[in-house]
>>> print(open('structure-v8.txt').read())   # compact mmCIF, C-alpha atoms
# COMPACT_ATOMS: atom_id res chain seq x y z
CA MET A 1 0.00 0.00 0.00
CA PHE A 2 1.21 3.49 -0.85
CA LYS A 3 0.99 6.52 1.39
CA ASN A 4 -1.63 9.10 0.48
CA GLY A 5 -0.26 11.44 -2.19
CA GLN A 6 2.37 9.03 -3.51
CA VAL A 7 0.38 7.95 -6.59
CA LEU A 8 -1.57 10.16 -9.01
CA ILE A 9 -4.95 8.73 -10.03
CA GLN A 10 -6.43 10.18 -13.20
CA LYS A 11 -9.39 9.29 -15.36
CA PHE A 12 -9.86 10.38 -18.98
CA GLY A 13 -13.35 10.23 -20.45
CA GLY A 14 -14.41 9.17 -23.93
CA SER A 15 -14.43 12.71 -25.32
CA SER A 16 -10.84 13.19 -24.12
CA VAL A 17 -9.63 10.17 -26.16
CA ALA A 18 -12.10 10.37 -29.04
CA SER A 19 -9.40 10.51 -31.75
CA VAL A 20 -5.71 9.77 -32.28
CA GLU A 21 -4.97 13.49 -31.91
CA ARG A 22 -6.81 13.68 -28.60
CA ILE A 23 -5.07 10.56 -27.29
CA LYS A 24 -1.70 12.13 -28.16
CA ASN A 25 -2.69 15.41 -26.46
CA ALA A 26 -3.84 13.57 -23.31
CA ALA A 27 -0.58 11.56 -23.37
CA LEU A 28 1.41 14.82 -23.32
CA LYS A 29 -0.52 15.96 -20.24
CA ILE A 30 0.05 12.62 -18.50
CA ALA A 31 3.76 12.48 -19.47
CA GLU A 32 4.34 15.94 -17.99
CA LYS A 33 3.36 14.62 -14.55
CA ALA A 34 5.13 11.28 -14.98
CA LYS A 35 8.40 13.03 -15.83
CA ARG A 36 8.24 14.75 -12.43
CA GLY A 37 8.67 11.32 -10.88
CA TYR A 38 5.10 10.43 -9.96
CA PRO A 39 3.89 6.86 -10.31
CA MET A 40 0.52 7.17 -12.05
CA VAL A 41 -2.65 5.18 -12.65
CA VAL A 42 -4.64 6.47 -15.62
CA VAL A 43 -8.11 4.99 -16.17
CA ILE A 44 -9.37 5.25 -19.73
CA SER A 45 -12.84 5.17 -21.28
CA ALA A 46 -13.63 3.92 -24.77
CA MET A 47 -12.98 6.35 -27.62
CA GLY A 48 -15.89 8.73 -28.29
CA ASP A 49 -19.03 6.82 -29.27
CA THR A 50 -17.32 3.41 -29.45
CA THR A 51 -19.54 1.82 -26.78
CA ASP A 52 -22.73 2.84 -28.61
CA GLU A 53 -21.27 1.51 -31.86
CA LEU A 54 -20.43 -1.83 -30.21
CA ILE A 55 -23.94 -2.12 -28.78
CA SER A 56 -25.40 -1.37 -32.21
CA LEU A 57 -23.13 -4.00 -33.74
CA ILE A 58 -24.28 -6.84 -31.50
CA HIS A 59 -27.93 -5.82 -31.96
CA LYS A 60 -27.49 -6.36 -35.70
CA ILE A 61 -26.79 -9.99 -34.81
CA SER A 62 -29.21 -10.49 -31.91
CA THR A 63 -32.32 -8.53 -30.94
CA PHE A 64 -31.96 -9.55 -27.30
CA PRO A 65 -28.29 -10.49 -26.77
CA ASP A 66 -27.27 -12.45 -23.70
CA ARG A 67 -25.84 -10.11 -21.06
CA ARG A 68 -22.59 -12.07 -20.90
CA GLU A 69 -22.00 -11.66 -24.63
CA LEU A 70 -23.03 -8.00 -24.58
CA ASP A 71 -20.57 -7.29 -21.76
CA HIS A 72 -17.78 -9.11 -23.60
CA VAL A 73 -18.38 -6.96 -26.69
CA MET A 74 -18.71 -3.64 -24.83
CA ALA A 75 -15.57 -4.13 -22.71
CA THR A 76 -13.34 -4.24 -25.77
CA GLY A 77 -13.68 -0.48 -26.33
CA GLU A 78 -11.77 0.38 -23.17
CA MET A 79 -9.11 -2.24 -23.88
CA VAL A 80 -8.38 -0.61 -27.24
CA SER A 81 -8.16 2.86 -25.65
CA ALA A 82 -5.82 1.62 -22.91
CA SER A 83 -3.41 0.02 -25.38
CA LEU A 84 -3.43 3.10 -27.61
CA MET A 85 -2.72 5.39 -24.66
CA ALA A 86 0.08 3.15 -23.35
CA SER A 87 1.63 3.16 -26.82
CA ALA A 88 1.37 6.96 -27.06
CA LEU A 89 3.11 7.31 -23.68
CA THR A 90 5.83 4.86 -24.67
CA GLU A 91 6.51 7.00 -27.75
CA LEU A 92 7.10 9.91 -25.35
CA GLY A 93 9.69 7.94 -23.41
CA ILE A 94 7.42 6.98 -20.50
CA ASN A 95 7.45 3.52 -18.93
CA ALA A 96 3.78 2.74 -19.62
CA LYS A 97 1.78 -0.46 -19.72
CA SER A 98 -1.90 -1.19 -20.35
CA PHE A 99 -3.95 -3.27 -17.91
CA ASN A 100 -7.45 -4.72 -18.14
CA ALA A 101 -9.84 -6.66 -15.94
CA PHE A 102 -8.17 -9.96 -16.78
CA ASN A 103 -4.52 -9.18 -16.11
CA LEU A 104 -5.33 -7.10 -13.02
CA GLN A 105 -8.01 -9.56 -11.84
CA LEU A 106 -10.54 -6.81 -11.14
CA PHE A 107 -13.09 -9.03 -9.44
CA SER A 108 -16.67 -7.80 -9.63
CA GLU A 109 -19.97 -8.79 -8.06
CA LEU A 110 -23.54 -8.02 -9.03
CA CYS A 111 -25.17 -5.41 -6.76
CA GLY A 112 -28.78 -5.01 -7.84
CA ASN A 113 -28.68 -4.61 -11.62
CA ASP A 114 -25.08 -3.43 -11.84
CA TYR A 115 -21.66 -4.92 -11.22
CA SER A 116 -19.15 -3.31 -8.86
CA ILE A 117 -15.43 -4.02 -8.45
CA THR A 118 -14.70 -5.64 -5.10
CA LYS A 119 -10.90 -6.03 -5.23
CA ILE A 120 -7.75 -6.09 -7.33
CA GLY A 121 -6.66 -9.73 -7.35
CA ARG A 122 -3.13 -9.00 -8.57
CA GLN A 123 -2.59 -5.90 -6.48
CA LYS A 124 0.96 -6.82 -5.42
CA GLU A 125 2.13 -7.17 -9.03
CA PHE A 126 0.29 -3.95 -9.89
CA GLU A 127 1.99 -2.02 -7.08
CA ASN A 128 5.38 -3.41 -8.10
CA PHE A 129 4.92 -1.87 -11.56
CA LEU A 130 4.16 1.56 -10.10
CA LYS A 131 7.71 2.86 -9.83
CA PRO A 132 8.42 6.63 -9.97
CA GLY A 133 7.65 7.92 -13.46
CA SER A 134 5.73 4.80 -14.54
CA VAL A 135 2.16 4.95 -15.84
CA ALA A 136 -0.33 2.10 -15.53
CA VAL A 137 -3.09 2.65 -18.10
CA VAL A 138 -6.19 0.80 -16.88
CA ALA A 139 -9.17 -0.06 -19.06
CA GLY A 140 -12.18 1.29 -17.19
CA PHE A 141 -15.80 0.10 -17.08
CA GLN A 142 -15.01 -3.59 -16.57
CA GLY A 143 -14.43 -6.39 -14.11
CA ILE A 144 -14.44 -10.18 -14.07
CA THR A 145 -16.51 -12.71 -12.14
CA ASN A 146 -14.99 -15.50 -10.07
CA GLU A 147 -15.70 -17.72 -13.10
CA GLY A 148 -13.57 -15.46 -15.31
CA ASP A 149 -16.34 -13.83 -17.34
CA LEU A 150 -16.07 -10.16 -18.29
CA THR A 151 -18.64 -7.79 -16.79
CA THR A 152 -19.28 -4.09 -17.35
CA LEU A 153 -20.08 -1.52 -14.67
CA GLY A 154 -22.86 0.47 -16.36
CA ARG A 155 -22.81 3.77 -18.22
CA GLY A 156 -20.02 5.99 -16.90
CA GLY A 157 -18.53 3.00 -15.09
CA SER A 158 -14.96 4.10 -15.79
CA ASP A 159 -15.48 6.78 -13.11
CA LEU A 160 -16.16 3.95 -10.70
CA THR A 161 -12.99 2.12 -11.80
CA ALA A 162 -10.91 5.23 -11.10
CA VAL A 163 -12.31 5.68 -7.59
CA VAL A 164 -11.70 1.97 -6.87
CA MET A 165 -8.07 2.44 -7.96
CA ALA A 166 -7.70 5.37 -5.56
CA ARG A 167 -9.31 3.40 -2.72
CA GLU A 168 -7.26 0.24 -3.23
CA LEU A 169 -3.99 2.19 -3.50
CA GLY A 170 -4.69 4.36 -0.44
CA GLN A 171 -5.03 7.67 -2.32
CA LYS A 172 -7.44 10.43 -1.28
CA VAL A 173 -7.65 12.38 -4.56
CA CYS A 174 -8.92 11.24 -7.94
CA GLU A 175 -8.78 13.57 -10.95
CA LYS A 176 -11.34 13.26 -13.73
CA TYR A 177 -10.41 14.82 -17.07
CA THR A 178 -13.23 15.59 -19.46
CA ASP A 179 -14.26 18.12 -22.10
CA GLU A 180 -15.61 20.43 -19.38
CA ASP A 181 -13.32 22.23 -16.94
CA GLY A 182 -15.56 21.69 -13.94
CA VAL A 183 -19.12 21.76 -12.65
CA TYR A 184 -21.08 24.88 -13.60
CA THR A 185 -24.10 26.64 -12.16
CA ALA A 186 -25.92 25.40 -15.28
CA ASP A 187 -25.07 23.82 -18.61
CA PRO A 188 -23.12 26.62 -20.36
CA ARG A 189 -24.48 25.41 -23.70
CA ILE A 190 -27.98 26.33 -22.47
CA ILE A 191 -27.18 29.22 -20.10
CA PRO A 192 -24.18 31.16 -21.50
CA THR A 193 -23.85 33.18 -18.27
CA ALA A 194 -23.28 30.05 -16.16
CA SER A 195 -20.19 30.16 -13.94
CA LYS A 196 -17.94 27.51 -12.42
CA VAL A 197 -18.72 26.04 -9.00
CA TRP A 198 -15.40 25.55 -7.22
CA HIS A 199 -16.46 23.35 -4.29
CA LEU A 200 -19.36 20.94 -3.83
CA SER A 201 -20.14 18.37 -1.17
CA TYR A 202 -20.57 14.71 -2.08
CA ASP A 203 -24.32 14.92 -1.42
CA GLU A 204 -24.71 18.01 -3.59
CA MET A 205 -22.90 16.35 -6.49
CA LEU A 206 -24.80 13.10 -5.98
CA ASN A 207 -28.13 14.91 -6.29
CA LEU A 208 -26.96 16.71 -9.42
CA ALA A 209 -25.79 13.41 -10.92
CA HIS A 210 -29.12 11.68 -10.22
CA TYR A 211 -31.13 14.50 -11.74
CA GLY A 212 -29.33 15.22 -14.99
CA ASN A 213 -25.72 16.36 -14.54
CA GLY A 214 -23.72 13.64 -16.32
CA ILE A 215 -20.22 14.79 -15.44
CA LEU A 216 -19.71 12.08 -12.77
CA HIS A 217 -21.20 8.62 -12.26
CA PRO A 218 -23.50 8.52 -9.16
CA ARG A 219 -21.97 5.27 -7.88
CA ALA A 220 -18.48 6.74 -8.23
CA ILE A 221 -19.55 9.71 -6.09
CA SER A 222 -21.06 7.39 -3.47
CA LEU A 223 -17.90 5.27 -3.31
CA ALA A 224 -15.74 8.41 -3.07
CA LYS A 225 -17.88 9.56 -0.16
CA GLU A 226 -17.56 6.19 1.61
CA SER A 227 -13.78 6.26 1.15
CA ASN A 228 -13.31 10.01 1.76
CA ILE A 229 -11.72 10.51 -1.67
CA ARG A 230 -11.89 14.00 -3.16
CA LEU A 231 -12.86 14.18 -6.81
CA HIS A 232 -11.31 16.91 -8.97
CA VAL A 233 -13.15 17.52 -12.26
CA ARG A 234 -10.78 19.12 -14.78
CA SER A 235 -10.46 19.82 -18.50
CA SER A 236 -8.40 17.62 -20.81
CA PHE A 237 -7.79 20.64 -23.00
CA SER A 238 -6.48 23.25 -20.54
CA ASN A 239 -4.56 23.51 -17.27
CA VAL A 240 -7.14 25.56 -15.36
CA GLU A 241 -8.28 24.41 -11.95
CA GLY A 242 -11.56 22.55 -11.91
CA SER A 243 -14.29 21.77 -9.39
CA VAL A 244 -13.53 19.78 -6.23
CA ILE A 245 -16.11 17.42 -4.75
CA GLY A 246 -15.46 16.48 -1.13
CA PRO A 247 -16.93 16.21 2.36
CA ASP A 248 -17.22 19.93 3.05
CA GLY A 249 -18.49 21.78 -0.04
CA ASP A 250 -19.00 25.54 0.38
CA ASP A 251 -21.88 26.72 2.58
CA SER A 252 -21.33 30.34 1.55
CA VAL A 253 -22.96 29.46 -1.80
CA PRO A 254 -26.51 28.34 -0.86
CA ILE A 255 -27.51 26.96 -4.30
CA LYS A 256 -24.72 25.42 -6.35
CA SER A 257 -26.23 24.38 -9.65
CA ILE A 258 -29.35 23.80 -11.72
CA THR A 259 -29.70 20.79 -14.00
CA CYS A 260 -32.41 19.19 -16.12
CA SER A 261 -33.35 15.73 -17.35
CA ASN A 262 -35.75 14.06 -19.78
CA LYS A 263 -35.29 10.65 -18.13
CA PHE A 264 -38.42 10.84 -15.96
CA VAL A 265 -42.14 10.21 -16.46
CA PHE A 266 -44.89 11.43 -14.12
CA ALA A 267 -48.27 10.09 -13.02
CA LYS A 268 -50.81 11.91 -10.86
CA ILE A 269 -53.70 10.31 -8.95
CA SER A 270 -56.41 12.87 -8.10
CA GLY A 271 -59.64 12.88 -6.11
CA LEU A 272 -58.28 10.97 -3.11
CA SER A 273 -59.43 10.96 0.48
CA GLU A 274 -57.07 12.25 3.17
CA LYS A 275 -56.46 8.69 4.35
CA ALA A 276 -55.71 7.51 0.80
CA VAL A 277 -53.18 10.31 0.35
CA LYS A 278 -51.41 9.22 3.53
CA ASP A 279 -51.45 5.57 2.49
CA LEU A 280 -49.84 6.38 -0.85
CA THR A 281 -47.36 8.82 0.63
CA PHE A 282 -45.96 6.44 3.24
CA ASN A 283 -46.05 3.27 1.16
CA ASN A 284 -42.53 1.80 1.22
CA ASN A 285 -43.44 -1.17 -0.98
CA LEU A 286 -43.82 0.59 -4.32
CA PRO A 287 -42.88 -1.66 -7.29
CA PHE A 288 -40.79 1.19 -8.72
CA LYS A 289 -38.29 3.77 -7.48
CA THR A 290 -39.71 7.27 -7.09
CA THR A 291 -37.50 10.17 -8.14
CA LEU A 292 -39.99 12.88 -7.24
CA GLN A 293 -43.23 13.01 -5.28
CA GLN A 294 -45.74 15.83 -4.87
CA ILE A 295 -48.51 15.63 -2.30
CA SER A 296 -51.61 17.81 -1.91
CA ASN A 297 -54.86 17.46 0.08
CA ASP A 298 -56.48 15.20 -2.51
CA SER A 299 -53.74 14.04 -4.90
CA VAL A 300 -50.36 12.36 -5.14
CA ALA A 301 -47.98 12.70 -8.10
CA PHE A 302 -45.07 10.34 -8.70
CA GLY A 303 -41.98 10.86 -10.83
CA PHE A 304 -40.10 7.77 -11.98
CA SER A 305 -37.58 6.57 -14.53
CA LYS A 306 -38.81 5.78 -18.04
CA ASP A 307 -37.45 2.26 -17.48
CA ASP A 308 -40.01 1.81 -14.69
CA SER A 309 -42.95 3.24 -16.67
CA PHE A 310 -44.88 -0.01 -17.15
CA GLU A 311 -44.78 -1.02 -13.48
CA ALA A 312 -45.39 2.53 -12.21
CA ILE A 313 -48.33 3.45 -14.45
CA THR A 314 -49.98 0.04 -13.91
CA TYR A 315 -49.60 0.53 -10.15
CA CYS A 316 -51.16 4.01 -10.30
CA TRP A 317 -54.22 2.77 -12.20
CA GLU A 318 -54.67 -0.19 -9.85
CA LYS A 319 -54.39 2.01 -6.73
CA ALA A 320 -56.74 4.59 -8.24
CA ALA A 321 -59.41 1.91 -8.70
CA GLU A 322 -58.76 0.48 -5.23
CA LEU A 323 -58.98 3.93 -3.56
CA ASN A 324 -61.90 5.24 -5.64
CA ALA A 325 -59.85 8.09 -7.07
CA ASP A 326 -61.39 10.44 -9.62
CA LYS A 327 -58.68 10.20 -12.27
CA VAL A 328 -55.12 9.27 -13.22
CA GLU A 329 -53.03 11.55 -15.43
CA THR A 330 -49.71 10.62 -17.02
CA PHE A 331 -47.12 13.10 -18.27
CA SER A 332 -44.35 11.81 -20.54
CA GLU A 333 -43.43 15.11 -22.22
CA LEU A 334 -42.17 16.94 -19.16
CA THR A 335 -38.61 17.93 -18.35
CA THR A 336 -37.39 17.80 -14.76
CA ILE A 337 -35.50 20.84 -13.48
CA THR A 338 -33.52 20.43 -10.26
CA LEU A 339 -31.77 23.04 -8.12
CA VAL A 340 -29.22 21.73 -5.60
CA GLY A 341 -27.40 23.35 -2.70
CA SER A 342 -26.80 23.06 1.03
CA GLY A 343 -28.70 26.33 1.56
CA LEU A 344 -31.96 24.54 0.81
CA LEU A 345 -31.42 22.55 4.01
CA TYR A 346 -31.05 25.46 6.41
CA ASP A 347 -33.02 28.25 4.70
CA THR A 348 -36.61 27.06 4.24
CA SER A 349 -37.62 30.34 2.59
CA LEU A 350 -35.42 29.53 -0.42
CA ALA A 351 -37.67 26.68 -1.54
CA GLU A 352 -40.75 28.90 -1.23
CA LYS A 353 -39.09 31.56 -3.38
CA ILE A 354 -38.24 28.92 -5.98
CA PHE A 355 -41.82 27.62 -5.96
CA LYS A 356 -43.11 31.14 -6.55
CA ILE A 357 -40.94 31.51 -9.67
CA ALA A 358 -41.87 27.96 -10.70
CA LYS A 359 -45.55 28.92 -10.64
CA GLU A 360 -44.84 31.93 -12.85
CA CYS A 361 -43.04 29.58 -15.28
CA ASN A 362 -46.00 27.14 -15.32
CA CYS A 363 -44.15 24.27 -13.63
CA ILE A 364 -46.64 21.45 -13.11
CA ILE A 365 -45.08 19.32 -10.36
CA LYS A 366 -42.69 20.42 -7.60
CA GLN A 367 -40.90 18.89 -4.61
CA HIS A 368 -38.48 20.07 -1.93
CA ASN A 369 -36.42 17.23 -0.48
CA GLY A 370 -33.39 18.11 1.67
CA LEU A 371 -30.82 19.99 -0.38
CA ARG A 372 -32.80 19.57 -3.62
CA VAL A 373 -35.80 21.26 -5.23
CA SER A 374 -37.19 19.53 -8.32
CA LEU A 375 -39.76 20.88 -10.74
CA ALA A 376 -41.46 19.46 -13.85
CA VAL A 377 -42.21 21.73 -16.79
CA LYS A 378 -43.43 21.29 -20.37
CA LYS A 379 -40.48 20.97 -22.73
CA GLU A 380 -41.44 24.07 -24.71
CA LEU A 381 -41.22 26.14 -21.50
CA LEU A 382 -37.87 24.68 -20.37
CA SER A 383 -35.60 27.43 -21.69
CA LYS A 384 -37.66 30.20 -20.11
CA ALA A 385 -37.87 28.40 -16.75
CA LEU A 386 -34.14 27.56 -16.67
CA THR A 387 -33.12 31.11 -17.57
CA GLU A 388 -35.45 32.66 -15.00
CA LEU A 389 -34.47 30.32 -12.16
CA HIS A 390 -30.74 30.64 -12.92
CA SER A 391 -30.87 34.45 -13.01
CA ARG A 392 -32.80 34.61 -9.72
CA PHE A 393 -30.89 32.05 -7.66
CA LEU A 394 -27.48 31.33 -9.23
CA GLN A 395 -26.10 34.66 -10.47
>>> encode(input="structure-v8.txt", output="structure tokens")
Amino acid sequence: MFKNGQVLIQKFGGSSVASVERIKNAALKIAEKAKRGYPMVVVISAMGDTTDELISLIHKISTFPDRRELDHVMATGEMVSASLMASALTELGINAKSFNAFNLQLFSELCGNDYSITKIGRQKEFENFLKPGSVAVVAGFQGITNEGDLTTLGRGGSDLTAVVMARELGQKVCEKYTDEDGVYTADPRIIPTASKVWHLSYDEMLNLAHYGNGILHPRAISLAKESNIRLHVRSSFSNVEGSVIGPDGDDSVPIKSITCSNKFVFAKISGLSEKAVKDLTFNNNLPFKTTLQQISNDSVAFGFSKDDSFEAITYCWEKAAELNADKVETFSELTTITLVGSGLLYDTSLAEKIFKIAKECNCIIKQHNGLRVSLAVKKELLSKALTELHSRFLQ
């Protein structure tokens, strides 16, 4: 085991290695640190849209491919990237070597619907390679079962690989390099006046990740929190400082960021008795995971993932009949807007101010839960609502 700070852990996303030119540019950035004498572990994603292309390829063969075969196909993208990056570093005079789930023995186990890495089987050999100035280029997004089958870790799973590397090697910082130079108050492509957020807590970033900000994988954030590993989101294309995600955040900035997502569907059961509202509200045995819930005197609205639509909508109709509700409405063309910040925990007036603006912007469903406020709005009103909320609460 290394002491904290002895090894640099970096992760480069698919956009950072999307072409030969970008791989060479990233290699120059990595080599600069390696030449200072740092042993380094660099976790690599597949190039650009390679994973989508591999999924499309197997679907041309099989409409419903076996998960084992799908994982074996998808994992090859990261292996190619790792070998290309190791070769680029070698050309620069760096002692570099690519590693994958097989030769590192990255054992993984199924947790729910996703696999997670549990340990590095060949950790001693791995540590022996990590001499000063050496770079281990690790294929992200993959592990192996005890039976030796390849598994993948879900979309964005290379983030999880990088945090596991930091944890197993005793390091407390993990740098993620991407095409963005940090976390912003909003997506700069939508809100040009958005500014960088320098410090966020794990919980703030986790809420942003769950509700639309795709810069970090939610499970990677959770693992970083468990292991007290700070995440530094930086740009692959500049040397500017990025955003740091850690245990403390910055309480002087009450609302950190606003994000949006089209991943959710909503259903509303109306015309309920007070008892029925309570029964629905405190039901812990729902056959789907709720992402948003709005309660009034005679109605309950649920937000849920599109993947859970069949179970959720069927449940709502069945409960409506059972509870003699007046009607069930479903909304599939809404966009969820979420504002996140520690200030929403200690200043209850903030949520009320947000709800007032939300009403003016014709938001249909709203919820305040801890350090998050979520709203649902018709897609054609999204730009207006985002601009108004950002200007009022994040500038």
>>> closest_atom_pairs(input="structure-v8.txt", of="region 333-380 of chain A", to="region 249-267 of chain A", cutoff="6 Å", atoms="all atoms listed in the file", output="Markdown table")
| residue | atom | partner | partner_atom | distance |
| --- | --- | --- | --- | --- |
| A:Thr335 | CA | A:Asn262 | CA | 5.0 |
| A:Thr336 | CA | A:Ser261 | CA | 5.2 |
| A:Ile337 | CA | A:Cys260 | CA | 4.4 |
| A:Thr338 | CA | A:Thr259 | CA | 5.4 |
| A:Leu339 | CA | A:Ile258 | CA | 4.4 |
| A:Val340 | CA | A:Ile255 | CA | 5.7 |
| A:Gly341 | CA | A:Ile255 | CA | 4.0 |
| A:Ser342 | CA | A:Pro254 | CA | 5.6 |
| A:Gly343 | CA | A:Pro254 | CA | 3.8 |
>>> atom_distance(input="structure-v8.txt", atom1="CA of Lys3 (chain A)", atom2="CA of Gln171 (chain A)")
7.2 Å
>>> residues_around(input="structure-v8.txt", residues="region 124-126 of chain A", least_positions_apart="6", cutoff="12 Å", atoms="only C-alpha atoms", output="list of chain:residue names")
A:Met1, A:Phe2, A:Pro39, A:Met40, A:Val41, A:Lys97, A:Ser98, A:Phe99, A:Asn100, A:Asn103, A:Leu104, A:Gln105, A:Leu106, A:Ser134, A:Val135, A:Ala136, A:Val137, A:Val138, A:Met165, A:Glu168, A:Leu169
>>> closest_residue(input="structure-v8.txt", among="A:Thr161, A:Ser309, A:Thr290, A:Thr193", to="Val42 (chain A)", atoms="only C-alpha atoms")
A:Thr161
>>> closest_residue(input="structure-v8.txt", among="A:Asp52, A:Glu204, A:Glu274, A:Glu241", to="Tyr177 (chain A)", atoms="all atoms listed in the file")
A:Glu241
>>> closest_residue(input="structure-v8.txt", among="A:Ala31, A:Leu200, A:Ile55, A:Leu206", to="Thr76 (chain A)", atoms="all atoms listed in the file")
A:Ile55
>>> closest_residue(input="structure-v8.txt", among="A:Leu92, A:Val163, A:Ala75, A:Val20", to="Val43 (chain A)", atoms="all atoms listed in the file")
A:Val163
>>> closest_residue(input="structure-v8.txt", among="A:Leu28, A:Ala101, A:Ala162, A:Ala139", to="Ala82 (chain A)", atoms="all atoms listed in the file")
A:Ala139
>>> closest_residue(input="structure-v8.txt", among="A:Asn25, A:Ser270, A:Ser243, A:Ser349", to="Arg230 (chain A)", atoms="all atoms listed in the file")
A:Ser243
>>> residues_around(input="structure-v8.txt", residues="Lys378 (chain A)", least_positions_apart="4", cutoff="7 Å", atoms="only C-alpha atoms", output="list of chain:residue names")
A:Glu333, A:Leu334, A:Thr335, A:Leu382
>>> atom_distance(input="structure-v8.txt", atom1="CA of Met47 (chain A)", atom2="CA of Asp179 (chain A)")
13.1 Å
>>> residues_around(input="structure-v8.txt", residues="Val244 (chain A)", least_positions_apart="3", cutoff="7 Å", atoms="only C-alpha atoms", output="number ranges by chain")
A: 198-200, 230-233
>>> residues_around(input="structure-v8.txt", residues="Pro188 (chain A)", least_positions_apart="4", cutoff="12 Å", atoms="only C-alpha atoms", output="ChimeraX atom specification")
/A:180-184,192-196,257-259,386-387,390
>>> write_last_selection(input="structure-v8.txt", atoms="C-alpha atoms", output="tab-separated table (two decimals), in the coordinates of the input")
chain	number	residue	atom	x	y	z
A	180	GLU	CA	-15.61	20.43	-19.38
A	181	ASP	CA	-13.32	22.23	-16.94
A	182	GLY	CA	-15.56	21.69	-13.94
A	183	VAL	CA	-19.12	21.76	-12.65
A	184	TYR	CA	-21.08	24.88	-13.60
A	192	PRO	CA	-24.18	31.16	-21.50
A	193	THR	CA	-23.85	33.18	-18.27
A	194	ALA	CA	-23.28	30.05	-16.16
A	195	SER	CA	-20.19	30.16	-13.94
A	196	LYS	CA	-17.94	27.51	-12.42
A	257	SER	CA	-26.23	24.38	-9.65
A	258	ILE	CA	-29.35	23.80	-11.72
A	259	THR	CA	-29.70	20.79	-14.00
A	386	LEU	CA	-34.14	27.56	-16.67
A	387	THR	CA	-33.12	31.11	-17.57
A	390	HIS	CA	-30.74	30.64	-12.92
>>> residues_around(input="structure-v8.txt", residues="Asn239 (chain A)", least_positions_apart="3", cutoff="10 Å", atoms="all atoms listed in the file", output="list in words")
Lys29, Asp181, Arg234, Ser235, Ser236 and Gly242 of chain A
>>> residues_near_point(input="structure-v8.txt", point="(-46.6, 25.5, -15.9)", cutoff="10 Å", atoms="all atoms listed in the file", output="ChimeraX atom specification")
/A:358-365,375-378,381-382,385
>>> atom_distance(input="structure-v8.txt", atom1="CA of Ile221 (chain A)", atom2="CA of Asp203 (chain A)")
8.5 Å
>>> decode(input="structure-v8.txt", residues="region 222-247 of chain A", atoms="C-alpha atoms", output="tab-separated table (two decimals), in the first residue's frame")
chain	number	residue	atom	x	y	z
A	222	SER	CA	-21.06	7.39	-3.47
A	223	LEU	CA	-17.90	5.27	-3.31
A	224	ALA	CA	-15.74	8.41	-3.07
A	225	LYS	CA	-17.88	9.56	-0.16
A	226	GLU	CA	-17.56	6.19	1.61
A	227	SER	CA	-13.78	6.26	1.15
A	228	ASN	CA	-13.31	10.01	1.76
A	229	ILE	CA	-11.72	10.51	-1.67
A	230	ARG	CA	-11.89	14.00	-3.16
A	231	LEU	CA	-12.86	14.18	-6.81
A	232	HIS	CA	-11.31	16.91	-8.97
A	233	VAL	CA	-13.15	17.52	-12.26
A	234	ARG	CA	-10.78	19.12	-14.78
A	235	SER	CA	-10.46	19.82	-18.50
A	236	SER	CA	-8.40	17.62	-20.81
A	237	PHE	CA	-7.79	20.64	-23.00
A	238	SER	CA	-6.48	23.25	-20.54
A	239	ASN	CA	-4.56	23.51	-17.27
A	240	VAL	CA	-7.14	25.56	-15.36
A	241	GLU	CA	-8.28	24.41	-11.95
A	242	GLY	CA	-11.56	22.55	-11.91
A	243	SER	CA	-14.29	21.77	-9.39
A	244	VAL	CA	-13.53	19.78	-6.23
A	245	ILE	CA	-16.11	17.42	-4.75
A	246	GLY	CA	-15.46	16.48	-1.13
A	247	PRO	CA	-16.93	16.21	2.36
